[in-house]
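Below is work-v5.txt, holding compact mmCIF, N, CA and C atoms.
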# COMPACT_ATOMS: atom_id res chain seq x y z
N MET A 1 -39.28 16.57 -94.78
CA MET A 1 -40.57 16.34 -94.18
C MET A 1 -41.31 17.67 -94.06
N LYS A 2 -42.62 17.58 -94.18
CA LYS A 2 -43.46 18.76 -94.03
C LYS A 2 -44.14 18.68 -92.66
N ILE A 3 -43.98 19.71 -91.86
CA ILE A 3 -44.57 19.74 -90.53
C ILE A 3 -46.05 20.08 -90.66
N LEU A 4 -46.90 19.18 -90.15
CA LEU A 4 -48.34 19.38 -90.20
C LEU A 4 -48.84 20.12 -88.96
N GLN A 5 -48.31 19.74 -87.81
CA GLN A 5 -48.74 20.36 -86.57
C GLN A 5 -47.63 20.22 -85.53
N CYS A 6 -47.49 21.22 -84.70
CA CYS A 6 -46.46 21.21 -83.66
C CYS A 6 -47.05 21.77 -82.37
N LYS A 7 -46.88 21.06 -81.29
CA LYS A 7 -47.33 21.54 -79.98
C LYS A 7 -46.09 21.75 -79.14
N ASN A 8 -45.78 23.00 -78.88
CA ASN A 8 -44.56 23.31 -78.14
C ASN A 8 -44.88 24.31 -77.04
N PRO A 9 -44.76 24.03 -75.82
CA PRO A 9 -44.54 22.75 -75.18
C PRO A 9 -45.85 21.97 -75.04
N TYR A 10 -45.73 20.67 -75.02
CA TYR A 10 -46.88 19.77 -74.90
C TYR A 10 -47.02 19.39 -73.44
N LYS A 11 -48.11 19.81 -72.80
CA LYS A 11 -48.30 19.56 -71.37
C LYS A 11 -49.68 18.97 -71.09
N PRO A 12 -49.85 17.65 -71.28
CA PRO A 12 -51.13 17.05 -70.91
C PRO A 12 -51.33 17.17 -69.40
N ILE A 13 -52.51 17.51 -68.99
CA ILE A 13 -52.79 17.84 -67.58
C ILE A 13 -52.47 16.70 -66.61
N ILE A 14 -52.74 15.46 -66.99
CA ILE A 14 -52.48 14.33 -66.08
C ILE A 14 -50.99 14.19 -65.81
N TYR A 15 -50.17 14.24 -66.86
CA TYR A 15 -48.72 14.10 -66.68
C TYR A 15 -48.12 15.33 -66.02
N TRP A 16 -48.67 16.52 -66.31
CA TRP A 16 -48.19 17.72 -65.66
C TRP A 16 -48.45 17.66 -64.16
N LEU A 17 -49.65 17.19 -63.79
CA LEU A 17 -50.00 17.06 -62.39
C LEU A 17 -49.11 16.03 -61.70
N ALA A 18 -48.83 14.92 -62.37
CA ALA A 18 -47.93 13.91 -61.81
C ALA A 18 -46.55 14.51 -61.59
N GLY A 19 -46.07 15.28 -62.55
CA GLY A 19 -44.77 15.94 -62.41
C GLY A 19 -44.77 16.95 -61.28
N TYR A 20 -45.86 17.69 -61.14
CA TYR A 20 -45.98 18.67 -60.06
C TYR A 20 -45.92 18.01 -58.69
N LEU A 21 -46.59 16.87 -58.56
CA LEU A 21 -46.63 16.17 -57.28
C LEU A 21 -45.33 15.41 -56.99
N MET A 22 -44.67 14.90 -58.02
CA MET A 22 -43.47 14.09 -57.83
C MET A 22 -42.17 14.90 -57.82
N GLU A 23 -42.20 16.15 -58.22
CA GLU A 23 -40.97 16.93 -58.32
C GLU A 23 -40.23 17.10 -56.99
N PRO A 24 -40.89 17.34 -55.87
CA PRO A 24 -40.14 17.41 -54.61
C PRO A 24 -39.41 16.10 -54.29
N VAL A 25 -40.05 14.98 -54.56
CA VAL A 25 -39.42 13.67 -54.33
C VAL A 25 -38.26 13.49 -55.31
N SER A 26 -38.46 13.93 -56.53
CA SER A 26 -37.43 13.82 -57.57
C SER A 26 -36.18 14.60 -57.18
N LYS A 27 -36.35 15.78 -56.62
CA LYS A 27 -35.20 16.59 -56.20
C LYS A 27 -34.49 15.98 -55.01
N ILE A 28 -35.23 15.44 -54.07
CA ILE A 28 -34.62 14.82 -52.88
C ILE A 28 -33.82 13.58 -53.25
N LYS A 29 -34.41 12.72 -54.07
CA LYS A 29 -33.76 11.46 -54.44
C LYS A 29 -32.84 11.59 -55.65
N LYS A 30 -32.84 12.76 -56.29
CA LYS A 30 -32.02 13.03 -57.48
C LYS A 30 -32.26 11.99 -58.58
N LYS A 31 -33.56 11.73 -58.84
CA LYS A 31 -33.99 10.83 -59.89
C LYS A 31 -35.08 11.52 -60.70
N VAL A 32 -35.21 11.10 -61.94
CA VAL A 32 -36.27 11.64 -62.80
C VAL A 32 -37.46 10.68 -62.73
N TYR A 33 -38.59 11.20 -62.28
CA TYR A 33 -39.81 10.40 -62.18
C TYR A 33 -40.80 10.79 -63.26
N ILE A 34 -41.89 10.05 -63.34
CA ILE A 34 -42.91 10.30 -64.36
C ILE A 34 -43.43 11.74 -64.26
N GLY A 35 -43.55 12.37 -65.39
CA GLY A 35 -44.10 13.72 -65.44
C GLY A 35 -43.09 14.84 -65.30
N THR A 36 -41.85 14.53 -64.98
CA THR A 36 -40.85 15.58 -64.79
C THR A 36 -40.63 16.39 -66.06
N TRP A 37 -40.47 15.72 -67.20
CA TRP A 37 -40.22 16.43 -68.47
C TRP A 37 -41.43 17.25 -68.87
N VAL A 38 -42.62 16.73 -68.63
CA VAL A 38 -43.84 17.47 -68.97
C VAL A 38 -44.00 18.68 -68.05
N TYR A 39 -43.71 18.51 -66.78
CA TYR A 39 -43.83 19.60 -65.81
C TYR A 39 -42.97 20.80 -66.20
N TYR A 40 -41.76 20.55 -66.64
CA TYR A 40 -40.87 21.64 -67.03
C TYR A 40 -41.03 22.07 -68.47
N GLY A 41 -41.84 21.37 -69.25
CA GLY A 41 -42.12 21.77 -70.61
C GLY A 41 -41.07 21.38 -71.62
N PHE A 42 -40.31 20.31 -71.34
CA PHE A 42 -39.26 19.87 -72.26
C PHE A 42 -39.78 18.93 -73.33
N GLU A 43 -41.04 18.62 -73.30
CA GLU A 43 -41.61 17.68 -74.27
C GLU A 43 -42.25 18.45 -75.41
N THR A 44 -41.96 18.05 -76.63
CA THR A 44 -42.54 18.66 -77.81
C THR A 44 -43.09 17.56 -78.70
N VAL A 45 -44.28 17.76 -79.23
CA VAL A 45 -44.90 16.80 -80.12
C VAL A 45 -44.98 17.42 -81.51
N ILE A 46 -44.46 16.70 -82.50
CA ILE A 46 -44.46 17.19 -83.88
C ILE A 46 -45.08 16.13 -84.77
N TRP A 47 -46.09 16.53 -85.55
CA TRP A 47 -46.67 15.65 -86.57
C TRP A 47 -46.11 16.12 -87.91
N ALA A 48 -45.50 15.19 -88.66
CA ALA A 48 -44.91 15.54 -89.93
C ALA A 48 -45.28 14.49 -90.99
N LYS A 49 -45.25 14.93 -92.24
CA LYS A 49 -45.54 14.04 -93.37
C LYS A 49 -44.29 13.95 -94.23
N LYS A 50 -43.94 12.72 -94.56
CA LYS A 50 -42.77 12.50 -95.40
C LYS A 50 -43.07 12.93 -96.82
N ASN A 51 -42.17 13.72 -97.42
CA ASN A 51 -42.36 14.21 -98.79
C ASN A 51 -42.18 13.10 -99.80

Could you take the file, read its structure, and then write that structure out as structure tokens?
Amino acid sequence: MKILQCKNPYKPIIYWLAGYLMEPVSKIKKKVYIGTWVYYGFETVIWAKKN
């Protein structure tokens, strides 16, 4: 595959903000809530074209 575009890390503001607000609750309850992966930057978006 040929990589056309890569956003590393991908942090859309809405999901980052949700992660920022939910992270204290996430740590207390030891659960992963919406936005956690985006908040820490573990999400990567890759656009590729099949050869």

Nearest to A:Tyr20 by atom-to-atom distance, counting all atoms listed in the file, from A:Tyr39, A:Val45, A:Met1, A:Cys6: A:Tyr39

Every residue of chain A that DSSP places in alpha helix (DSSP H), as an mmCIF file with N, CA and C atoms, in the frame of the given file:
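This is the output file result-v6.cif:
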data_model
loop_
_atom_site.group_PDB
_atom_site.id
_atom_site.type_symbol
_atom_site.label_atom_id
_atom_site.label_comp_id
_atom_site.auth_asym_id
_atom_site.auth_seq_id
_atom_site.Cartn_x
_atom_site.Cartn_y
_atom_site.Cartn_z
ATOM 1 N N ILE A 13 -52.510 17.510 -68.990
ATOM 2 C CA ILE A 13 -52.790 17.840 -67.580
ATOM 3 C C ILE A 13 -52.470 16.700 -66.610
ATOM 4 N N ILE A 14 -52.740 15.460 -66.990
ATOM 5 C CA ILE A 14 -52.480 14.330 -66.080
ATOM 6 C C ILE A 14 -50.990 14.190 -65.810
ATOM 7 N N TYR A 15 -50.170 14.240 -66.860
ATOM 8 C CA TYR A 15 -48.720 14.100 -66.680
ATOM 9 C C TYR A 15 -48.120 15.330 -66.020
ATOM 10 N N TRP A 16 -48.670 16.520 -66.310
ATOM 11 C CA TRP A 16 -48.190 17.720 -65.660
ATOM 12 C C TRP A 16 -48.450 17.660 -64.160
ATOM 13 N N LEU A 17 -49.650 17.190 -63.790
ATOM 14 C CA LEU A 17 -50.000 17.060 -62.390
ATOM 15 C C LEU A 17 -49.110 16.030 -61.700
ATOM 16 N N ALA A 18 -48.830 14.920 -62.370
ATOM 17 C CA ALA A 18 -47.930 13.910 -61.810
ATOM 18 C C ALA A 18 -46.550 14.510 -61.590
ATOM 19 N N GLY A 19 -46.070 15.280 -62.550
ATOM 20 C CA GLY A 19 -44.770 15.940 -62.410
ATOM 21 C C GLY A 19 -44.770 16.950 -61.280
ATOM 22 N N TYR A 20 -45.860 17.690 -61.140
ATOM 23 C CA TYR A 20 -45.980 18.670 -60.060
ATOM 24 C C TYR A 20 -45.920 18.010 -58.690
ATOM 25 N N LEU A 21 -46.590 16.870 -58.560
ATOM 26 C CA LEU A 21 -46.630 16.170 -57.280
ATOM 27 C C LEU A 21 -45.330 15.410 -56.990
ATOM 28 N N MET A 22 -44.670 14.900 -58.020
ATOM 29 C CA MET A 22 -43.470 14.090 -57.830
ATOM 30 C C MET A 22 -42.170 14.900 -57.820
ATOM 31 N N GLU A 23 -42.200 16.150 -58.220
ATOM 32 C CA GLU A 23 -40.970 16.930 -58.320
ATOM 33 C C GLU A 23 -40.230 17.100 -56.990
ATOM 34 N N PRO A 24 -40.890 17.340 -55.870
ATOM 35 C CA PRO A 24 -40.140 17.410 -54.610
ATOM 36 C C PRO A 24 -39.410 16.100 -54.290
ATOM 37 N N VAL A 25 -40.050 14.980 -54.560
ATOM 38 C CA VAL A 25 -39.420 13.670 -54.330
ATOM 39 C C VAL A 25 -38.260 13.490 -55.310
ATOM 40 N N SER A 26 -38.460 13.930 -56.530
ATOM 41 C CA SER A 26 -37.430 13.820 -57.570
ATOM 42 C C SER A 26 -36.180 14.600 -57.180
ATOM 43 N N LYS A 27 -36.350 15.780 -56.620
ATOM 44 C CA LYS A 27 -35.200 16.590 -56.200
ATOM 45 C C LYS A 27 -34.490 15.980 -55.010
ATOM 46 N N ILE A 28 -35.230 15.440 -54.070
ATOM 47 C CA ILE A 28 -34.620 14.820 -52.880
ATOM 48 C C ILE A 28 -33.820 13.580 -53.250
ATOM 49 N N LYS A 29 -34.410 12.720 -54.070
ATOM 50 C CA LYS A 29 -33.760 11.460 -54.440
ATOM 51 C C LYS A 29 -32.840 11.590 -55.650
ATOM 52 N N THR A 36 -41.850 14.530 -64.980
ATOM 53 C CA THR A 36 -40.850 15.580 -64.790
ATOM 54 C C THR A 36 -40.630 16.390 -66.060
ATOM 55 N N TRP A 37 -40.470 15.720 -67.200
ATOM 56 C CA TRP A 37 -40.220 16.430 -68.470
ATOM 57 C C TRP A 37 -41.430 17.250 -68.870
ATOM 58 N N VAL A 38 -42.620 16.730 -68.630
ATOM 59 C CA VAL A 38 -43.840 17.470 -68.970
ATOM 60 C C VAL A 38 -44.000 18.680 -68.050
ATOM 61 N N TYR A 39 -43.710 18.510 -66.780
ATOM 62 C CA TYR A 39 -43.830 19.600 -65.810
ATOM 63 C C TYR A 39 -42.970 20.800 -66.200
ATOM 64 N N TYR A 40 -41.760 20.550 -66.640
ATOM 65 C CA TYR A 40 -40.870 21.640 -67.030
ATOM 66 C C TYR A 40 -41.030 22.070 -68.470
#

Best match for closeness to A:Ala18 among A:Lys50, A:Phe42, A:Ile3, A:Thr36, counting only N, CA and C atoms: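 Counting only N, CA and C atoms, the residue closest to A:Ala18 is A:Thr36.
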
Around all the atoms of stretch 18-28 of chain A listed in the file, with 8 Å of room on each side, what axis-aligned box do you get, giving centre and edge lengths in Å to one decimal, as JSON?
{"center_x": -41.3, "center_y": 16.1, "center_z": -57.7, "size_x": 31.0, "size_y": 21.2, "size_z": 25.7}

Contacts of A:Glu43 at 9 Å (only C-alpha atoms; same-chain gap of 6+ positions) as a PyMOL selection string: chain A and resi 7-11+37

Distance query stretch 22-24 of chain A at most 9 Å, only C-alpha atoms, self and fewer than 5 positions along chain excluded, as a list in words: Leu17, Lys29, Val32, Tyr33, Ile34, Gly35, Thr36 and Tyr39 of chain A

Interatomic distance (Å, one decimal) between atom N of A:Lys49 and atom N of A:Gln5: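 Between atom N of A:Lys49 and atom N of A:Gln5 the gap is 7.2 Å.
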
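The two atoms in question, atom N of A:Lys27 and atom CA of A:Tyr15, are spaced 16.0 Å apart.
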
Two-atom distance - atom N of A:Lys2, atom CA of A:Val38 (Å):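 Those two atoms sit 25.2 Å apart.
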
DSSP strand (DSSP E or B) residues within chain A, as a list in words: Lys2, Ile3, Leu4, Gln5, Cys6, Lys7, Val45, Ile46, Trp47, Ala48 and Lys49 of chain A
